[in-house]
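Undergrad: After the C-alpha cells below, expect a handful of questions from me.
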Amino acid sequence: MATSKQSGMEHPKKQLPIKTPPVVSPREWEAARQQLLVKEKAFTRSRDALAAERRRMPWLAVEKKYEFDGPNGKVSLLDLFGGRPQLIVYRAFFEPGVFGWPDHACRGCSFCADQVAHLAHLNARDTTLAFVSRAPQAEIERLKARMGWKMPWYTITDSFDTDFGVNEWHGTNAFLRNGDRIFRTYFINNRGDEAMGSTWSYLDITALGRQEEWEDSPEGYPQTPPYKWWNWHDEYAASASVDPR
C-alpha cells in the first residue's frame with residue numbers, strides 16, 4: 001500500500017471521464033474565442049457598473065466603540081485604519097472549536113488568506129486590510145509565522161463579530177472614516193468572499209473604489225490616471241506603508 005506522501009505525489013494519466021468539446025482548427029478556435037469575448041467584455045462592464053453602485057451605497061454610522069487586542073496591546077476600530085481613510089476587515093475563524101485549532105485556522109479562511117495580494121498596493125490607495133479572529137495574539141502570531149501571512153491580524157474582544165454579521169460565518173466589511181467618525185460602507189460574505197484577494201477585488205467593494213479616472217464615481221471622489229500610481233511594492237512612498245498601532 002502506498003503511503004499518504006507517495007499517494008499525494010502520484011498523478012496517474014487517465015482519460016477524462018466526460019464528453020469533451022470538439023477539437024477544431026486554429027481559425028475555428030479563434031472564432032469561438034471571439035464569440036465568447038463579447039460576453040466576457042459585457043461581464044466586465046457589468047462588474048464595473050456594480051462597483052459604481054457600491055460607491056453610491058448609503059453609509060451606516062458606527063457609533064459603538066470597539067476594542068481589539070493587537071501585537072502591541074489594545075487598539076480601537078479607528079486604530080485599525082492605520083491613519084488611512086478606508087479599512088477592509090475580514091473575519092477569519094481561528095479560535096477554539098474551529099476545525100484545525102490550534103494548528104490551523106478554518107480551511108476556507110486560510111484559503112482566503114493565502115490569496116491576499118501584497119498589501120502595499122492597497123495601502124497606496126489609502127486602504128488598509130486587516131483580519132480579525134477570537135484567537136489570542138500569541139496564537140495568531142504563531143499561525144502567521146507558520147503560514148507566511150503578513151496582513152495585520154487582531155483579536156476580537158467584544159461584540160464586533162455579532163454586530164457586523166460575522167459571528168457565525170466569515171465575511172468582509174468595508175469601512176470609511178471622516179476624521180474620527182467611522183462608517184460602514186459595504187459587506188459581503190458567503191461566495192462573495194471567494195473573489196477576494198486581488199488589490200482590484202478589494203478596492204471594488206470600497207466606497208472610494210479604485211480611485212481611477214475611468215471609473216463612474218460621485219463628483220468629488222479622489223481619482224488619478226490609471227497606471228500612473230502603480231508601482232513596485234517596495235518603491236511606494238513611505239507614507240503608504242504605515243503600520244497600525
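Convention: chains lettered A, B, ... in C-alpha cells order; per-chain residue numbering from 1; ligands numbered from 1 as shown.
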Within 10 Å of Arg56 (chain A), counting only C-alpha atoms, which residues qualify if same-chain residues fewer than 4 places away don't, as number ranges by chain?
TA: A: 51-52, 185, 207-208, 217-218
Undergrad: Need to verify the contact set: Trp232 (chain A), 12 Å, only C-alpha atoms, exclusion of same-chain residues closer than 4 positions in sequence. Can you return it as a PyMOL selection string?
TA: chain A and resi 118-121+124+227-228+236-237
Undergrad: Could you write out the selected residues, including C-alpha atoms, as a compact mmCIF listing (two decimals), in the first residue's frame?
TA:
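See selection37.txt below for the written result:
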# COMPACT_ATOMS: atom_id res chain seq x y z
CA HIS A 118 0.82 42.43 -1.46
CA LEU A 119 -0.64 44.96 0.96
CA ALA A 120 1.48 47.85 -0.33
CA HIS A 121 -0.79 48.22 -3.37
CA ALA A 124 -1.13 53.11 -1.93
CA TYR A 227 -1.29 53.09 -14.39
CA LYS A 228 0.31 56.30 -13.08
CA TYR A 236 5.84 53.19 -2.88
CA ALA A 237 6.24 56.29 -0.73
Undergrad: Could you give me, as an MDAnalysis selection string, the residues within 12 Å of Glu168 (chain A), counting only C-alpha atoms and dropping anything in the same chain fewer than 4 positions from it?
TA: chainID A and resid 91:93 98 133 161:164 189:190
Undergrad: Keeping only all heavy atoms, take the residues you just selected and write them out as a compact mmCIF listing (two decimals), in the first residue's frame.
TA:
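Final output, part00.txt:
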# COMPACT_ATOMS: atom_id res chain seq x y z
N ARG A 91 -13.26 38.74 8.69
CA ARG A 91 -13.42 37.94 9.90
C ARG A 91 -13.01 36.51 9.59
O ARG A 91 -13.69 35.78 8.85
CB ARG A 91 -14.87 37.98 10.37
CG ARG A 91 -15.10 37.60 11.83
CD ARG A 91 -14.85 36.17 12.17
NE ARG A 91 -15.56 35.83 13.41
CZ ARG A 91 -15.10 35.06 14.36
NH1 ARG A 91 -13.92 34.49 14.22
NH2 ARG A 91 -15.83 34.81 15.44
N ALA A 92 -11.87 36.10 10.10
CA ALA A 92 -11.36 34.75 9.90
C ALA A 92 -11.65 33.91 11.13
O ALA A 92 -11.53 34.40 12.26
CB ALA A 92 -9.86 34.79 9.62
N PHE A 93 -12.01 32.66 10.93
CA PHE A 93 -12.31 31.77 12.05
C PHE A 93 -11.05 31.01 12.47
O PHE A 93 -10.62 30.07 11.81
CB PHE A 93 -13.46 30.84 11.70
CG PHE A 93 -14.79 31.48 11.93
CD1 PHE A 93 -15.34 32.31 10.96
CD2 PHE A 93 -15.46 31.33 13.13
CE1 PHE A 93 -16.55 32.95 11.17
CE2 PHE A 93 -16.67 31.97 13.36
CZ PHE A 93 -17.23 32.78 12.38
N VAL A 98 -12.99 25.65 16.34
CA VAL A 98 -12.92 25.67 14.88
C VAL A 98 -12.03 24.54 14.41
O VAL A 98 -10.96 24.29 14.97
CB VAL A 98 -12.37 27.03 14.38
CG1 VAL A 98 -12.11 26.99 12.88
CG2 VAL A 98 -13.34 28.16 14.72
N SER A 133 -9.96 37.77 14.43
CA SER A 133 -10.41 36.47 14.92
C SER A 133 -10.55 36.56 16.43
O SER A 133 -10.22 37.59 17.04
CB SER A 133 -9.39 35.37 14.57
OG SER A 133 -9.26 35.22 13.18
N ASP A 161 -17.96 40.99 16.08
CA ASP A 161 -18.37 39.96 15.12
C ASP A 161 -19.89 39.84 15.03
O ASP A 161 -20.46 39.72 13.94
CB ASP A 161 -17.72 38.62 15.44
CG ASP A 161 -17.83 38.24 16.91
OD1 ASP A 161 -18.43 39.00 17.70
OD2 ASP A 161 -17.31 37.17 17.28
N THR A 162 -20.57 39.89 16.18
CA THR A 162 -22.03 39.81 16.17
C THR A 162 -22.66 41.02 15.51
O THR A 162 -23.58 40.91 14.70
CB THR A 162 -22.56 39.67 17.61
OG1 THR A 162 -22.02 38.48 18.20
CG2 THR A 162 -24.08 39.60 17.63
N ASP A 163 -22.14 42.19 15.83
CA ASP A 163 -22.72 43.44 15.31
C ASP A 163 -22.55 43.59 13.81
O ASP A 163 -23.35 44.28 13.16
CB ASP A 163 -22.09 44.64 16.02
CG ASP A 163 -22.43 44.70 17.50
OD1 ASP A 163 -23.32 43.94 17.93
OD2 ASP A 163 -21.79 45.48 18.23
N PHE A 164 -21.54 42.96 13.25
CA PHE A 164 -21.27 43.14 11.82
C PHE A 164 -21.47 41.87 11.00
O PHE A 164 -20.93 41.72 9.91
CB PHE A 164 -19.86 43.72 11.61
CG PHE A 164 -19.76 45.14 12.09
CD1 PHE A 164 -19.22 45.42 13.33
CD2 PHE A 164 -20.25 46.18 11.32
CE1 PHE A 164 -19.15 46.73 13.79
CE2 PHE A 164 -20.19 47.49 11.77
CZ PHE A 164 -19.64 47.77 13.01
N ASN A 189 -20.31 38.35 2.08
CA ASN A 189 -19.98 37.08 2.74
C ASN A 189 -20.31 35.94 1.79
O ASN A 189 -20.58 36.15 0.60
CB ASN A 189 -20.72 36.93 4.08
CG ASN A 189 -22.23 36.95 3.93
OD1 ASN A 189 -22.78 37.03 2.82
ND2 ASN A 189 -22.94 36.86 5.04
N ASN A 190 -20.27 34.72 2.31
CA ASN A 190 -20.55 33.54 1.50
C ASN A 190 -19.69 33.53 0.23
O ASN A 190 -18.49 33.77 0.29
CB ASN A 190 -22.04 33.43 1.20
CG ASN A 190 -22.86 33.27 2.47
OD1 ASN A 190 -22.43 32.62 3.41
ND2 ASN A 190 -24.04 33.85 2.50
Undergrad: Separation of CA of Leu87 (chain A) and CA of Tyr221 (chain A), in Å?
TA: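 Calculated distance between CA of Leu87 (chain A) and CA of Tyr221 (chain A) is 16.6 Å.
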Undergrad: Excluding region 62-78 of chain A and its own-chain neighbours fewer than 3 positions away, which residues fall within 12 Å of it when counting only C-alpha atoms? Please give them as a ChimeraX atom specification.
TA: /A:59,81-89,128,130-142,144,152-164,174-185,243-245
Undergrad: List every residue of region 72-209 of chain A that DSSP, applied to the backbone of this structure, assigns to strand (DSSP E or B), and report them as a PyMOL selection string.
TA: chain A and resi 73-76+86-91+127-133+153-156+171-178+181-189+196+198
Undergrad: Would you mind telling me which residue in A:Arg191, A:His170, A:Arg55, A:Arg146 lies nearest to Leu203 (chain A) when using only C-alpha atoms?
TA: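 Closest candidate: A:Arg55.
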Undergrad: List as a ChimeraX atom specification the protein and nucleic acid residues near region 214-216 of chain A, meaning an atom at most 8 Å away when only C-alpha atoms are counted, but skip any in the same chain fewer than 4 places from it.
TA: /A:48-49,52,210,225-226
Undergrad: Residues of the last selection are to be written out with all heavy atoms, as a PDB file, in the first residue's frame.
TA:
ATOM      1  N   ASP A  48     -18.061  46.464 -13.462  1.00  0.00           N
ATOM      2  CA  ASP A  48     -17.713  47.862 -13.199  1.00  0.00           C
ATOM      3  C   ASP A  48     -18.949  48.658 -12.773  1.00  0.00           C
ATOM      4  O   ASP A  48     -18.873  49.509 -11.890  1.00  0.00           O
ATOM      5  CB  ASP A  48     -17.102  48.501 -14.449  1.00  0.00           C
ATOM      6  CG  ASP A  48     -15.729  47.938 -14.779  1.00  0.00           C
ATOM      7  OD1 ASP A  48     -15.094  47.356 -13.878  1.00  0.00           O
ATOM      8  OD2 ASP A  48     -15.296  48.100 -15.941  1.00  0.00           O
ATOM      9  N   ALA A  49     -20.083  48.387 -13.413  1.00  0.00           N
ATOM     10  CA  ALA A  49     -21.322  49.092 -13.070  1.00  0.00           C
ATOM     11  C   ALA A  49     -21.773  48.743 -11.653  1.00  0.00           C
ATOM     12  O   ALA A  49     -22.273  49.614 -10.921  1.00  0.00           O
ATOM     13  CB  ALA A  49     -22.415  48.740 -14.076  1.00  0.00           C
ATOM     14  N   ALA A  52     -19.708  50.654  -9.291  1.00  0.00           N
ATOM     15  CA  ALA A  52     -20.146  52.052  -9.263  1.00  0.00           C
ATOM     16  C   ALA A  52     -21.362  52.218  -8.360  1.00  0.00           C
ATOM     17  O   ALA A  52     -21.506  53.235  -7.658  1.00  0.00           O
ATOM     18  CB  ALA A  52     -20.469  52.526 -10.678  1.00  0.00           C
ATOM     19  N   ARG A 210     -11.413  52.129  -6.976  1.00  0.00           N
ATOM     20  CA  ARG A 210     -10.009  52.093  -7.395  1.00  0.00           C
ATOM     21  C   ARG A 210      -9.406  53.486  -7.464  1.00  0.00           C
ATOM     22  O   ARG A 210      -8.203  53.642  -7.608  1.00  0.00           O
ATOM     23  CB  ARG A 210      -9.877  51.405  -8.759  1.00  0.00           C
ATOM     24  CG  ARG A 210     -10.452  49.997  -8.777  1.00  0.00           C
ATOM     25  CD  ARG A 210     -10.198  49.309 -10.110  1.00  0.00           C
ATOM     26  NE  ARG A 210     -10.868  48.010 -10.162  1.00  0.00           N
ATOM     27  CZ  ARG A 210     -10.653  47.087 -11.088  1.00  0.00           C
ATOM     28  NH1 ARG A 210      -9.778  47.326 -12.063  1.00  0.00           N
ATOM     29  NH2 ARG A 210     -11.300  45.931 -11.065  1.00  0.00           N
ATOM     30  N   PRO A 225      -5.043  59.211 -12.818  1.00  0.00           N
ATOM     31  CA  PRO A 225      -4.953  58.426 -14.043  1.00  0.00           C
ATOM     32  C   PRO A 225      -4.584  56.978 -13.743  1.00  0.00           C
ATOM     33  O   PRO A 225      -3.775  56.707 -12.849  1.00  0.00           O
ATOM     34  CB  PRO A 225      -3.830  59.118 -14.835  1.00  0.00           C
ATOM     35  CG  PRO A 225      -3.793  60.507 -14.293  1.00  0.00           C
ATOM     36  CD  PRO A 225      -4.132  60.375 -12.838  1.00  0.00           C
ATOM     37  N   PRO A 226      -5.165  56.022 -14.487  1.00  0.00           N
ATOM     38  CA  PRO A 226      -4.767  54.621 -14.307  1.00  0.00           C
ATOM     39  C   PRO A 226      -3.307  54.433 -14.717  1.00  0.00           C
ATOM     40  O   PRO A 226      -2.771  55.200 -15.501  1.00  0.00           O
ATOM     41  CB  PRO A 226      -5.706  53.852 -15.238  1.00  0.00           C
ATOM     42  CG  PRO A 226      -6.159  54.866 -16.243  1.00  0.00           C
ATOM     43  CD  PRO A 226      -6.186  56.184 -15.528  1.00  0.00           C
TER      44      PRO A 226
END
Undergrad: How many Å separate CA of Val116 (chain A) from CA of Thr172 (chain A)?
TA: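 If I compute the distance from CA of Val116 (chain A) to CA of Thr172 (chain A), I get 13.0 Å.
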Undergrad: Please, what distance in Å, to one decimal, runs between CA of Val166 (chain A) and CA of Ala145 (chain A)?
TA: 24.8 Å
Undergrad: With only C-alpha atoms as the counted atoms, please give the residues lying no more than 12 Å from Ala195 (chain A), apart from itself and same-chain residues fewer than 2 positions off, as a list in words.
TA: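 Skipping anything fewer than 2 positions along the chain leaves Phe111, Cys112, Ala113, Gln115, Val116, Gly171, Thr172, Ile188, Asn189, Asn190, Arg191, Gly192, Asp193, Gly197, Ser198, Thr199, Trp200, Ser201, Tyr202, Leu203, Asp204 and Ile205 of chain A.
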Undergrad: Taking the DSSP assignment computed from this structure's backbone, write out as a ChimeraX atom specification all residues of region 52-174 of chain A that belong to alpha helix (DSSP H).
TA: /A:52-54,77-80,107-114,119-124,137-147,160-163
Undergrad: Those residues you just picked out, can you put them in a file as a CSV table (one decimal), in the first residue's frame with C-alpha atoms?
TA:
chain,number,residue,atom,x,y,z
A,52,ALA,CA,-20.1,52.1,-9.3
A,53,GLU,CA,-23.4,51.3,-7.4
A,54,ARG,CA,-21.4,50.2,-4.4
A,77,LEU,CA,-11.6,50.2,15.4
A,78,LEU,CA,-10.2,53.6,14.5
A,79,ASP,CA,-6.7,52.4,15.1
A,80,LEU,CA,-7.2,49.6,12.6
A,107,ARG,CA,-9.6,25.8,5.8
A,108,GLY,CA,-11.8,28.3,3.9
A,109,CYS,CA,-10.4,31.3,5.8
A,110,SER,CA,-6.9,30.0,5.3
A,111,PHE,CA,-7.6,29.6,1.6
A,112,CYS,CA,-8.6,33.3,1.5
A,113,ALA,CA,-5.5,34.4,3.5
A,114,ASP,CA,-3.3,32.6,1.0
A,119,LEU,CA,-0.6,45.0,1.0
A,120,ALA,CA,1.5,47.9,-0.3
A,121,HIS,CA,-0.8,48.2,-3.4
A,122,LEU,CA,-3.9,48.6,-1.2
A,123,ASN,CA,-2.1,51.0,1.1
A,124,ALA,CA,-1.1,53.1,-1.9
A,137,GLN,CA,-2.5,37.3,19.8
A,138,ALA,CA,0.2,34.7,20.7
A,139,GLU,CA,-1.7,32.1,18.6
A,140,ILE,CA,-2.3,34.5,15.8
A,141,GLU,CA,1.4,35.5,15.6
A,142,ARG,CA,2.4,31.8,15.6
A,143,LEU,CA,0.0,31.0,12.8
A,144,LYS,CA,1.1,33.9,10.7
A,145,ALA,CA,4.7,32.9,11.1
A,146,ARG,CA,3.9,29.3,10.1
A,147,MET,CA,1.8,30.2,7.1
A,160,PHE,CA,-17.8,43.3,16.8
A,161,ASP,CA,-18.4,40.0,15.1
A,162,THR,CA,-22.0,39.8,16.2
A,163,ASP,CA,-22.7,43.4,15.3
Undergrad: For Glu212 (chain A), which residue among A:His233, A:Arg125, A:Trp149, A:Lys19 is the nearest when counting only C-alpha atoms?
TA: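 Once distances to Glu212 (chain A) are computed over only C-alpha atoms, the minimum belongs to A:Arg125.
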Undergrad: Here is a test: counting only C-alpha atoms, which residue of A:Asn231, A:Asn173, A:Asn167, A:Gln211 is nearest to Glu95 (chain A)?
TA: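 Between A:Asn231, A:Asn173, A:Asn167, A:Gln211, the residue approaching Glu95 (chain A) most closely is A:Asn167.
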